[in-house]
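So this one's work.txt, compact mmCIF, C-alpha atoms:
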```
# COMPACT_ATOMS: atom_id res chain seq x y z
CA MET G 1 1.82 127.11 38.40
CA SER G 2 1.37 127.03 42.18
CA PHE G 3 3.96 129.82 42.51
CA TRP G 4 1.87 132.24 40.46
CA PHE G 5 -1.31 131.19 42.28
CA TRP G 6 0.07 132.01 45.72
CA ARG G 7 1.82 135.14 44.45
CA GLY G 8 -1.50 136.38 43.09
CA LEU G 9 -3.25 135.75 46.40
CA ARG G 10 -0.57 137.65 48.32
CA LYS G 11 -0.39 140.66 46.03
CA GLY G 12 -4.05 140.93 45.13
CA MET G 13 -5.41 142.61 42.02
CA HIS G 14 -4.07 146.02 41.04
CA THR G 15 -6.23 148.48 39.13
CA THR G 16 -5.07 151.88 37.94
CA ARG G 17 -6.34 154.83 39.98
CA TYR G 18 -6.77 156.94 36.85
CA PRO G 19 -8.69 159.23 36.50
CA LYS G 20 -8.68 159.97 40.24
CA ALA G 21 -4.89 160.06 40.20
CA SER G 22 -2.19 160.08 37.56
CA GLU G 23 -0.85 156.68 36.55
CA THR G 24 2.93 156.40 36.83
CA ALA G 25 3.42 152.67 36.27
CA ALA G 26 6.09 151.79 33.73
CA GLY G 27 4.90 151.00 30.22
CA VAL G 28 1.45 152.60 30.34
CA THR G 29 2.38 155.04 27.59
CA PRO G 30 5.01 155.25 24.84
CA GLY G 31 4.98 159.03 25.19
CA ARG G 32 4.96 161.41 22.24
CA PRO G 33 7.20 163.97 20.54
CA VAL G 34 6.34 167.61 21.15
CA THR G 35 7.24 170.79 19.32
CA THR G 36 10.92 171.49 19.99
CA GLN G 37 12.97 174.66 19.69
CA PHE G 38 16.46 173.81 18.39
CA ALA G 39 19.61 175.90 18.54
CA SER G 40 19.73 176.28 14.77
CA VAL G 41 17.58 176.05 11.66
CA GLN G 42 19.72 173.16 10.43
CA GLN G 43 19.01 171.05 13.53
CA ALA G 44 15.27 171.57 13.13
CA ALA G 45 15.51 170.60 9.46
CA LEU G 46 17.32 167.38 10.37
CA ALA G 47 14.59 166.47 12.85
CA ALA G 48 12.01 166.89 10.09
CA GLN G 49 14.06 164.82 7.65
CA VAL G 50 14.35 161.85 10.00
CA CYS G 51 10.54 161.48 10.26
CA PRO G 52 9.42 158.77 7.78
CA VAL G 53 5.81 159.99 7.56
CA GLY G 54 6.25 163.75 7.40
CA ALA G 55 4.68 164.37 10.80
CA ILE G 56 7.43 166.88 11.66
CA THR G 57 7.89 170.19 9.88
CA ALA G 58 10.71 172.68 10.46
CA GLN G 59 10.17 176.41 10.70
CA ASP G 60 12.62 179.06 11.98
CA GLY G 61 14.55 176.68 14.20
CA SER G 62 11.45 174.93 15.58
CA ALA G 63 10.34 171.41 14.75
CA HIS G 64 6.54 171.18 14.86
CA VAL G 65 4.79 167.82 15.37
CA ASP G 66 1.45 166.86 13.82
CA LEU G 67 0.32 163.95 16.02
CA ASP G 68 -2.40 163.05 13.52
CA PHE G 69 0.33 161.47 11.38
CA CYS G 70 2.90 160.45 14.01
CA ILE G 71 3.52 156.67 14.11
CA HIS G 72 5.64 156.72 17.30
CA CYS G 73 8.68 155.22 15.60
CA GLN G 74 10.84 157.36 17.94
CA ARG G 75 13.40 158.09 15.23
CA CYS G 76 13.16 161.77 16.18
CA ARG G 77 14.09 160.76 19.72
CA PHE G 78 16.80 158.13 19.26
CA GLY G 79 17.82 158.61 15.63
CA ASN G 80 18.35 162.36 15.71
CA SER G 81 20.97 164.52 17.41
CA PRO G 82 19.98 166.52 19.33
CA PRO G 83 16.73 164.60 19.96
CA MET G 84 13.21 166.00 19.87
CA ASP G 85 11.61 166.77 23.22
CA TRP G 86 9.54 163.82 24.43
CA GLN G 87 6.52 163.99 26.72
CA SER G 88 5.49 160.88 28.66
CA ASP G 89 1.78 161.57 29.04
CA TYR G 90 -1.38 159.84 27.80
CA GLU G 91 -4.18 162.42 27.71
CA TRP G 92 -4.15 162.98 23.95
CA THR G 93 -7.81 163.42 22.98
CA THR G 94 -8.40 166.44 20.75
CA LEU G 95 -11.17 168.01 18.75
CA PRO G 96 -11.07 167.47 14.97
CA HIS G 97 -9.54 170.31 12.96
CA GLY G 98 -12.06 173.07 12.43
CA LEU G 99 -14.24 172.08 15.40
CA ARG G 100 -14.20 174.77 18.09
CA ARG G 101 -16.97 173.68 20.44
CA TYR G 102 -17.69 170.35 22.04
CA GLU G 103 -20.82 169.16 23.86
CA PRO G 104 -20.42 165.93 25.87
CA LEU G 105 -23.15 163.38 26.39
CA PRO G 106 -25.64 164.19 29.17
CA ARG G 107 -24.53 163.61 32.75
CA ALA G 108 -26.61 160.42 33.08
CA TYR G 109 -24.22 158.63 30.71
CA ARG G 110 -21.46 158.80 33.31
CA ARG G 111 -22.94 155.81 35.10
CA SER G 112 -23.81 153.75 32.04
CA MET G 113 -22.26 154.30 28.62
CA HIS G 114 -22.15 151.61 25.94
CA ILE G 115 -19.50 151.50 23.24
CA ILE G 116 -19.49 149.65 19.95
CA VAL G 117 -16.10 149.09 18.34
CA VAL G 118 -15.72 148.89 14.56
CA ASP G 119 -12.51 147.60 13.01
CA ALA G 120 -12.47 149.57 9.76
CA GLY G 121 -9.29 148.03 8.39
CA ASP G 122 -7.05 148.21 11.45
CA CYS G 123 -3.72 146.36 11.38
CA GLY G 124 -4.55 144.94 14.81
CA ALA G 125 -2.42 147.25 16.96
CA CYS G 126 -5.07 149.79 17.97
CA LEU G 127 -7.72 147.08 18.31
CA HIS G 128 -5.44 145.21 20.71
CA GLU G 129 -5.07 148.34 22.87
CA VAL G 130 -8.85 148.81 22.94
CA LYS G 131 -9.26 145.25 24.20
CA GLN G 132 -7.01 146.04 27.18
CA LEU G 133 -9.69 148.31 28.63
CA ASN G 134 -11.54 145.18 29.80
CA ASN G 135 -8.61 143.73 31.73
CA PRO G 136 -8.28 144.08 35.54
CA PHE G 137 -5.67 146.85 35.38
CA TYR G 138 -7.75 149.32 33.36
CA ASN G 139 -11.20 147.88 34.27
CA MET G 140 -13.37 150.40 32.44
CA HIS G 141 -16.49 148.85 34.02
CA ARG G 142 -15.69 150.67 37.28
CA LEU G 143 -16.29 153.89 35.36
CA GLY G 144 -19.65 152.80 33.99
CA MET G 145 -18.32 151.97 30.51
CA PHE G 146 -19.28 148.80 28.67
CA PHE G 147 -18.75 147.29 25.23
CA THR G 148 -21.83 146.26 23.28
CA ALA G 149 -22.18 144.11 20.18
CA THR G 150 -25.20 145.89 18.75
CA PRO G 151 -25.37 149.49 17.50
CA ARG G 152 -28.98 149.81 18.68
CA THR G 153 -27.81 149.96 22.31
CA ALA G 154 -24.60 151.91 21.65
CA ASP G 155 -23.94 155.49 22.70
CA VAL G 156 -20.40 155.74 21.34
CA LEU G 157 -18.95 154.50 18.05
CA LEU G 158 -15.24 153.82 18.48
CA VAL G 159 -13.48 153.31 15.14
CA VAL G 160 -9.98 151.98 14.50
CA GLY G 161 -8.41 151.78 11.06
CA PRO G 162 -8.35 154.08 8.01
CA VAL G 163 -11.77 152.84 6.72
CA THR G 164 -11.05 150.48 3.85
CA GLU G 165 -13.46 150.40 0.91
CA ASN G 166 -14.94 147.10 2.10
CA MET G 167 -15.70 148.57 5.54
CA ARG G 168 -17.24 151.85 4.40
CA VAL G 169 -20.81 150.55 4.10
CA PRO G 170 -20.75 148.47 7.33
CA LEU G 171 -19.42 151.52 9.19
CA LEU G 172 -22.16 153.76 7.82
CA LYS G 173 -24.85 151.20 8.66
CA THR G 174 -23.52 150.90 12.20
CA TYR G 175 -23.62 154.67 12.66
CA GLU G 176 -27.13 154.99 11.22
CA ALA G 177 -28.46 152.23 13.50
CA MET G 178 -27.28 153.99 16.66
CA PRO G 179 -29.84 156.04 18.63
CA ASN G 180 -29.30 159.73 19.41
CA PRO G 181 -27.45 161.24 21.14
CA LYS G 182 -24.33 159.49 19.88
CA LYS G 183 -20.64 160.25 19.58
CA VAL G 184 -17.91 159.08 17.20
CA LEU G 185 -14.31 158.53 18.33
CA ALA G 186 -11.51 158.04 15.81
CA VAL G 187 -8.77 156.09 17.60
CA GLY G 188 -5.24 155.86 16.26
CA ALA G 189 -3.35 157.69 13.54
CA CYS G 190 -4.97 155.59 10.79
CA ALA G 191 -8.51 156.45 11.95
CA VAL G 192 -7.59 160.11 12.43
CA SER G 193 -5.72 160.82 9.20
CA GLY G 194 -5.30 157.60 7.27
CA GLY G 195 -1.85 157.12 8.81
CA ILE G 196 0.68 155.34 6.63
CA PHE G 197 -2.14 154.09 4.38
CA GLY G 198 -3.32 157.58 3.49
CA GLN G 199 -6.19 158.09 1.04
CA SER G 200 -6.48 155.90 -2.03
CA PHE G 201 -8.95 153.85 -4.05
CA VAL G 202 -9.04 151.29 -1.20
CA SER G 203 -8.76 153.62 1.81
CA ALA G 204 -10.90 156.58 2.87
CA GLY G 205 -7.94 158.16 4.63
CA GLY G 206 -9.59 158.47 8.03
CA VAL G 207 -13.02 158.25 9.63
CA SER G 208 -13.87 161.93 9.07
CA SER G 209 -13.99 161.24 5.32
CA VAL G 210 -16.99 158.99 5.94
CA LEU G 211 -18.63 160.11 9.21
CA PRO G 212 -18.76 163.24 11.38
CA VAL G 213 -16.10 162.70 14.05
CA ASP G 214 -16.55 164.23 17.51
CA LEU G 215 -13.18 163.38 19.05
CA GLU G 216 -9.81 162.16 17.82
CA ILE G 217 -7.24 160.13 19.75
CA PRO G 218 -3.87 160.03 17.95
CA GLY G 219 -1.21 157.39 18.46
CA ASP G 220 0.07 154.37 16.58
CA PRO G 221 -1.28 152.68 18.51
CA ALA G 222 -3.01 154.82 21.11
CA PRO G 223 -2.32 153.31 24.57
CA PRO G 224 -5.29 152.19 26.71
CA LEU G 225 -5.08 155.23 29.02
CA ALA G 226 -5.29 157.56 26.01
CA ILE G 227 -8.42 155.74 24.87
CA LEU G 228 -9.81 155.85 28.40
CA HIS G 229 -9.19 159.60 28.45
CA GLY G 230 -11.20 159.93 25.25
CA LEU G 231 -14.12 158.03 26.73
CA LEU G 232 -14.02 160.27 29.80
CA VAL G 233 -14.12 163.30 27.51
CA VAL G 234 -17.26 161.90 25.89
CA THR G 235 -19.16 162.28 29.17
CA GLY G 236 -17.56 165.55 30.23
CA ARG G 237 -15.46 164.06 33.03
CA LYS G 238 -12.35 165.27 31.26
CA ALA G 239 -11.75 167.98 28.66
CA PRO G 240 -10.04 167.60 25.27
CA VAL G 241 -6.40 168.70 25.10
CA GLY G 242 -6.18 172.48 24.87
CA TYR G 243 -9.92 172.93 25.32
CA GLN G 244 -10.86 175.24 28.17
CA SER G 245 -14.50 174.92 29.15
CA SER G 246 -16.75 175.11 32.16
CA LEU G 247 -17.85 171.59 31.20
CA GLU G 248 -14.58 170.17 32.51
CA ARG G 249 -15.20 168.56 35.87
CA SER G 250 -13.17 166.40 38.17
CA ALA G 251 -13.54 162.69 37.56
```
Output the file's structure as structure tokens, nothing else.
Amino acid sequence: MSFWFWRGLRKGMHTTRYPKASETAAGVTPGRPVTTQFASVQQAALAAQVCPVGAITAQDGSAHVDLDFCIHCQRCRFGNSPPMDWQSDYEWTTLPHGLRRYEPLPRAYRRSMHIIVVDAGDCGACLHEVKQLNNPFYNMHRLGMFFTATPRTADVLLVVGPVTENMRVPLLKTYEAMPNPKKVLAVGACAVSGGIFGQSFVSAGGVSSVLPVDLEIPGDPAPPLAILHGLLVVTGRKAPVGYQSSLERSA
């Protein structure tokens, strides 16, 4: 015990420099597959076949990835030859399909933004990653972000899970109790698309089936830095992936 005490005093506390600088520490992201051009149509078809959830589709020698359904099993990376291209990044926040324009919360929210988290049937993986934002390494408080237990003081509704039938009404009541302006983040493949649970008599198949979603963060689970990126997008300090706008400012 004394060893760890003195080691901690010598080394001090380390907090990521993101978003001021890119984080390169090992293990902060599992990475993600990206659309890959193969040498033949057959190789692309094999890459699509190895995906257990149908997140990869083959077309004219290219294997296209739909991250809304990707569960990060990495079979396309280690169980396929040749492997899919893999990108070790963490800024994954996107606009929902069909949404072309995004308006962040007013600038004042950059110094104080409160987030309520609703577990709408999550397996525990995404919820665990969300909890990491409070630890010393990610320390979201330094960015003016705080969790709240009541929707009446919440600015952002962060939802994990595919929205089970038992959580539909509590989720709606939480959303309705929040003051305007408010934003909804769907975090993880299950919240974005229903994931491996899909849509059924017990699952809504994603948050957008129940509420209007402003931003989606894919991943299974989404790593803490990906979630942090989404929260920065909410206030306009970052832009969604592929979204070019004058609203994007340096953090």
Practice item. Name all residues at most 8 Å from region 166-183 of chain G (count all atoms listed in the file; drop same-chain ones fewer than 3 positions away) and give them as a list in words. Key: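 Those residues are Leu105, Val118, Ala120, Gly121, Pro151, Arg152, Thr153, Ala154, Asp155, Val156, Leu157, Val163, Val202, Val210, Leu211, Val213, Asp214 and Val234 of chain G.
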Those residues with C-alpha atoms, as a short mmCIF file (atom, residue, chain, number, x, y, z; two decimals), in the coordinates of the input please?
```cif
data_model
loop_
_atom_site.label_atom_id
_atom_site.label_comp_id
_atom_site.auth_asym_id
_atom_site.auth_seq_id
_atom_site.Cartn_x
_atom_site.Cartn_y
_atom_site.Cartn_z
CA LEU G 105 -23.15 163.38 26.39
CA VAL G 118 -15.72 148.89 14.56
CA ALA G 120 -12.47 149.57 9.76
CA GLY G 121 -9.29 148.03 8.39
CA PRO G 151 -25.37 149.49 17.50
CA ARG G 152 -28.98 149.81 18.68
CA THR G 153 -27.81 149.96 22.31
CA ALA G 154 -24.60 151.91 21.65
CA ASP G 155 -23.94 155.49 22.70
CA VAL G 156 -20.40 155.74 21.34
CA LEU G 157 -18.95 154.50 18.05
CA VAL G 163 -11.77 152.84 6.72
CA VAL G 202 -9.04 151.29 -1.20
CA VAL G 210 -16.99 158.99 5.94
CA LEU G 211 -18.63 160.11 9.21
CA VAL G 213 -16.10 162.70 14.05
CA ASP G 214 -16.55 164.23 17.51
CA VAL G 234 -17.26 161.90 25.89
#
```
Find the residues with any atom within 9 Å of (-5.4, 156.3, 8.8); use all atoms listed in the file and the coordinates as given in the file, and write the answer as a short mmCIF file (atom, residue, chain, number, x, y, z; two decimals) with C-alpha atoms, in the frame of the given file.
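Output file part.cif is given in full below:
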```
data_model
loop_
_atom_site.label_atom_id
_atom_site.label_comp_id
_atom_site.auth_asym_id
_atom_site.auth_seq_id
_atom_site.Cartn_x
_atom_site.Cartn_y
_atom_site.Cartn_z
CA ASP G 68 -2.40 163.05 13.52
CA PHE G 69 0.33 161.47 11.38
CA ASP G 122 -7.05 148.21 11.45
CA VAL G 160 -9.98 151.98 14.50
CA GLY G 161 -8.41 151.78 11.06
CA PRO G 162 -8.35 154.08 8.01
CA VAL G 163 -11.77 152.84 6.72
CA GLY G 188 -5.24 155.86 16.26
CA ALA G 189 -3.35 157.69 13.54
CA CYS G 190 -4.97 155.59 10.79
CA ALA G 191 -8.51 156.45 11.95
CA VAL G 192 -7.59 160.11 12.43
CA SER G 193 -5.72 160.82 9.20
CA GLY G 194 -5.30 157.60 7.27
CA GLY G 195 -1.85 157.12 8.81
CA ILE G 196 0.68 155.34 6.63
CA PHE G 197 -2.14 154.09 4.38
CA GLY G 198 -3.32 157.58 3.49
CA GLN G 199 -6.19 158.09 1.04
CA SER G 203 -8.76 153.62 1.81
CA ALA G 204 -10.90 156.58 2.87
CA GLY G 205 -7.94 158.16 4.63
CA GLY G 206 -9.59 158.47 8.03
CA VAL G 207 -13.02 158.25 9.63
#
```
Check your understanding: Leaving out Pro30 (chain G) and any residue of its chain fewer than 2 positions from it, which residues lie within 7 Å of it when counting only C-alpha atoms, given as a list in words?
Key -> Gly27, Arg32 and Ser88 of chain G
Could you turn the residues from that selection into a file that holds C-alpha atoms, as an mmCIF file, keeping the file's coordinate frame?
```
data_model
loop_
_atom_site.group_PDB
_atom_site.id
_atom_site.type_symbol
_atom_site.label_atom_id
_atom_site.label_comp_id
_atom_site.auth_asym_id
_atom_site.auth_seq_id
_atom_site.Cartn_x
_atom_site.Cartn_y
_atom_site.Cartn_z
ATOM 1 C CA GLY G 27 4.900 151.000 30.220
ATOM 2 C CA ARG G 32 4.960 161.410 22.240
ATOM 3 C CA SER G 88 5.490 160.880 28.660
#
```
**Study point:** Selection: 10 Å around Ser40 (chain G), only C-alpha atoms, excl. self and same-chain fewer than 5 positions, as a ChimeraX atom specification
**Key:** /G:45,60-62
Practice item. Rank nothing, just name the residue among G:Asp85, G:Pro218, G:Trp92, G:Gly12 nearest to Phe38 (chain G), using all atoms listed in the file. Key: G:Asp85
**Study point:** Between CA of Thr93 (chain G) and CA of Arg17 (chain G), distance in Å (one decimal)
**Key:**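 These two atoms are separated by 19.1 Å.
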Revision key, fill the gap. Taken to one decimal, the CA of Trp86 (chain G)-CA of Val34 (chain G) distance is 5.9 Å
Study note, to complete from the structure: Ser22 (chain G) proximity check over G:Glu91, G:Val117, G:Leu67, G:Gln49, using only C-alpha atoms: winner is G:Glu91
Check your understanding: Counting only C-alpha atoms, which of G:Thr94, G:Thr164, G:Thr36, G:Ser112 gets nearest to Phe146 (chain G)?
Key -> G:Ser112
Exercise for review: Name the closest residue to Glu216 (chain G) among the candidates G:Arg110, G:His97, G:Lys131, G:Arg75; distances are taken between atoms, counting all atoms listed in the file.
Suggested key: G:His97
Review point. G:Gly144, G:Pro33, G:Pro136, G:Pro96: which is nearest Thr15 (chain G), counting all atoms listed in the file?
Key: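 When distances to Thr15 (chain G) are compared using all atoms listed in the file, the smallest one comes from G:Pro136.
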Point to revise | Residue nearest Gln37 (chain G) - candidates G:Tyr138, G:Gln59, G:Ser81, G:Arg111, atoms counted: all atoms listed in the file | key: G:Gln59
Check your understanding: Could you work out how far CA of Glu103 (chain G) lies from CA of Asp66 (chain G), giving the answer in Å with one decimal?
Key ->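 Taking CA of Asp66 (chain G) and CA of Glu103 (chain G), their separation equals 24.5 Å.
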Close residues, Leu95 (chain G) itself excluded, 8 Å, all atoms listed in the file, min 5 positions apart in chain, as a PDB file with C-alpha atoms, in the frame of the given file:
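Result went into part-v1.pdb, see below:
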```
ATOM      1  CA  ARG G 100     -14.200 174.770  18.090  1.00  0.00           C
ATOM      2  CA  TYR G 102     -17.690 170.350  22.040  1.00  0.00           C
ATOM      3  CA  ASP G 214     -16.550 164.230  17.510  1.00  0.00           C
ATOM      4  CA  LEU G 215     -13.180 163.380  19.050  1.00  0.00           C
ATOM      5  CA  GLU G 216      -9.810 162.160  17.820  1.00  0.00           C
ATOM      6  CA  PRO G 240     -10.040 167.600  25.270  1.00  0.00           C
ATOM      7  CA  VAL G 241      -6.400 168.700  25.100  1.00  0.00           C
TER       8      VAL G 241
END
```
**Study point:** Who sits within 8 Å of Leu158 (chain G), all atoms listed in the file, same chain under 6 positions skipped, as a list in words
**Key:** Ile115, Ile116, Val117, Val118, Val184, Leu185, Ala186 and Val187 of chain G
So that all listed atoms of region 49-62 of chain G fit with 3 Å spare on each side, what axis-aligned box centre and edge lengths in Å, to one decimal, would you give as lines of an AutoDock Vina configuration file?
```
center_x = 9.6
center_y = 168.9
center_z = 11.5
size_x = 15.9
size_y = 26.3
size_z = 14.2
```
Can region 64-100 of chain G be brought up to N, CA and C atoms and written out as a compact mmCIF listing (two decimals), in the frame of the given file?
```
# COMPACT_ATOMS: atom_id res chain seq x y z
N HIS G 64 7.94 171.31 14.45
CA HIS G 64 6.54 171.18 14.86
C HIS G 64 6.04 169.77 14.56
N VAL G 65 5.28 169.19 15.49
CA VAL G 65 4.79 167.82 15.37
C VAL G 65 3.29 167.82 15.11
N ASP G 66 2.87 167.09 14.08
CA ASP G 66 1.45 166.86 13.82
C ASP G 66 1.16 165.43 14.27
N LEU G 67 0.55 165.28 15.45
CA LEU G 67 0.32 163.95 16.02
C LEU G 67 -0.69 163.14 15.22
N ASP G 68 -1.45 163.79 14.35
CA ASP G 68 -2.40 163.05 13.52
C ASP G 68 -1.69 162.05 12.61
N PHE G 69 -0.42 162.33 12.29
CA PHE G 69 0.33 161.47 11.38
C PHE G 69 1.46 160.71 12.06
N CYS G 70 1.77 161.06 13.30
CA CYS G 70 2.90 160.45 14.01
C CYS G 70 2.64 158.95 14.24
N ILE G 71 3.65 158.11 13.92
CA ILE G 71 3.52 156.67 14.11
C ILE G 71 4.37 156.16 15.28
N HIS G 72 4.90 157.07 16.09
CA HIS G 72 5.64 156.72 17.30
C HIS G 72 6.83 155.81 17.02
N CYS G 73 7.49 156.03 15.90
CA CYS G 73 8.68 155.22 15.60
C CYS G 73 9.87 155.62 16.46
N GLN G 74 9.82 156.81 17.04
CA GLN G 74 10.84 157.36 17.94
C GLN G 74 12.18 157.63 17.25
N ARG G 75 12.15 157.73 15.92
CA ARG G 75 13.40 158.09 15.23
C ARG G 75 13.82 159.52 15.59
N CYS G 76 12.84 160.40 15.82
CA CYS G 76 13.16 161.77 16.18
C CYS G 76 13.74 161.86 17.59
N ARG G 77 13.59 160.79 18.35
CA ARG G 77 14.09 160.76 19.72
C ARG G 77 15.44 160.06 19.82
N PHE G 78 15.58 158.92 19.14
CA PHE G 78 16.80 158.13 19.26
C PHE G 78 17.66 158.16 17.99
N GLY G 79 17.07 158.60 16.88
CA GLY G 79 17.82 158.61 15.63
C GLY G 79 18.20 160.00 15.18
N ASN G 80 18.05 160.97 16.07
CA ASN G 80 18.35 162.36 15.71
C ASN G 80 19.19 162.99 16.81
N SER G 81 20.13 163.84 16.43
CA SER G 81 20.97 164.52 17.41
C SER G 81 21.04 166.01 17.08
N PRO G 82 20.60 166.85 18.05
CA PRO G 82 19.98 166.52 19.33
C PRO G 82 18.57 165.97 19.14
N PRO G 83 18.04 165.22 20.11
CA PRO G 83 16.73 164.60 19.96
C PRO G 83 15.59 165.60 20.14
N MET G 84 14.42 165.23 19.63
CA MET G 84 13.21 166.00 19.87
C MET G 84 12.81 165.87 21.34
N ASP G 85 12.16 166.88 21.86
CA ASP G 85 11.61 166.77 23.22
C ASP G 85 10.53 165.69 23.22
N TRP G 86 10.46 164.95 24.33
CA TRP G 86 9.54 163.82 24.43
C TRP G 86 8.71 163.97 25.70
N GLN G 87 7.42 163.81 25.58
CA GLN G 87 6.52 163.99 26.72
C GLN G 87 5.84 162.66 27.04
N SER G 88 6.04 162.18 28.27
CA SER G 88 5.49 160.88 28.66
C SER G 88 4.13 161.03 29.33
N ASP G 89 3.14 161.44 28.53
CA ASP G 89 1.78 161.57 29.04
C ASP G 89 0.86 160.66 28.25
N TYR G 90 -0.44 160.71 28.52
CA TYR G 90 -1.38 159.84 27.80
C TYR G 90 -2.73 160.51 27.55
N GLU G 91 -2.92 161.73 27.98
CA GLU G 91 -4.18 162.42 27.71
C GLU G 91 -4.02 163.16 26.38
N TRP G 92 -4.42 162.50 25.30
CA TRP G 92 -4.15 162.98 23.95
C TRP G 92 -5.40 163.39 23.18
N THR G 93 -6.57 163.19 23.73
CA THR G 93 -7.81 163.42 22.98
C THR G 93 -7.96 164.88 22.56
N THR G 94 -8.24 165.09 21.28
CA THR G 94 -8.40 166.44 20.75
C THR G 94 -9.68 166.55 19.93
N LEU G 95 -10.06 167.78 19.66
CA LEU G 95 -11.17 168.01 18.75
C LEU G 95 -10.66 167.93 17.31
N PRO G 96 -11.49 167.48 16.38
CA PRO G 96 -11.07 167.47 14.97
C PRO G 96 -10.75 168.89 14.50
N HIS G 97 -9.89 169.01 13.50
CA HIS G 97 -9.54 170.31 12.96
C HIS G 97 -10.79 171.03 12.46
N GLY G 98 -10.91 172.28 12.85
CA GLY G 98 -12.06 173.07 12.43
C GLY G 98 -13.20 173.07 13.42
N LEU G 99 -13.19 172.13 14.38
CA LEU G 99 -14.24 172.08 15.40
C LEU G 99 -13.79 172.88 16.61
N ARG G 100 -14.59 173.86 17.00
CA ARG G 100 -14.20 174.77 18.09
C ARG G 100 -14.97 174.50 19.39
```
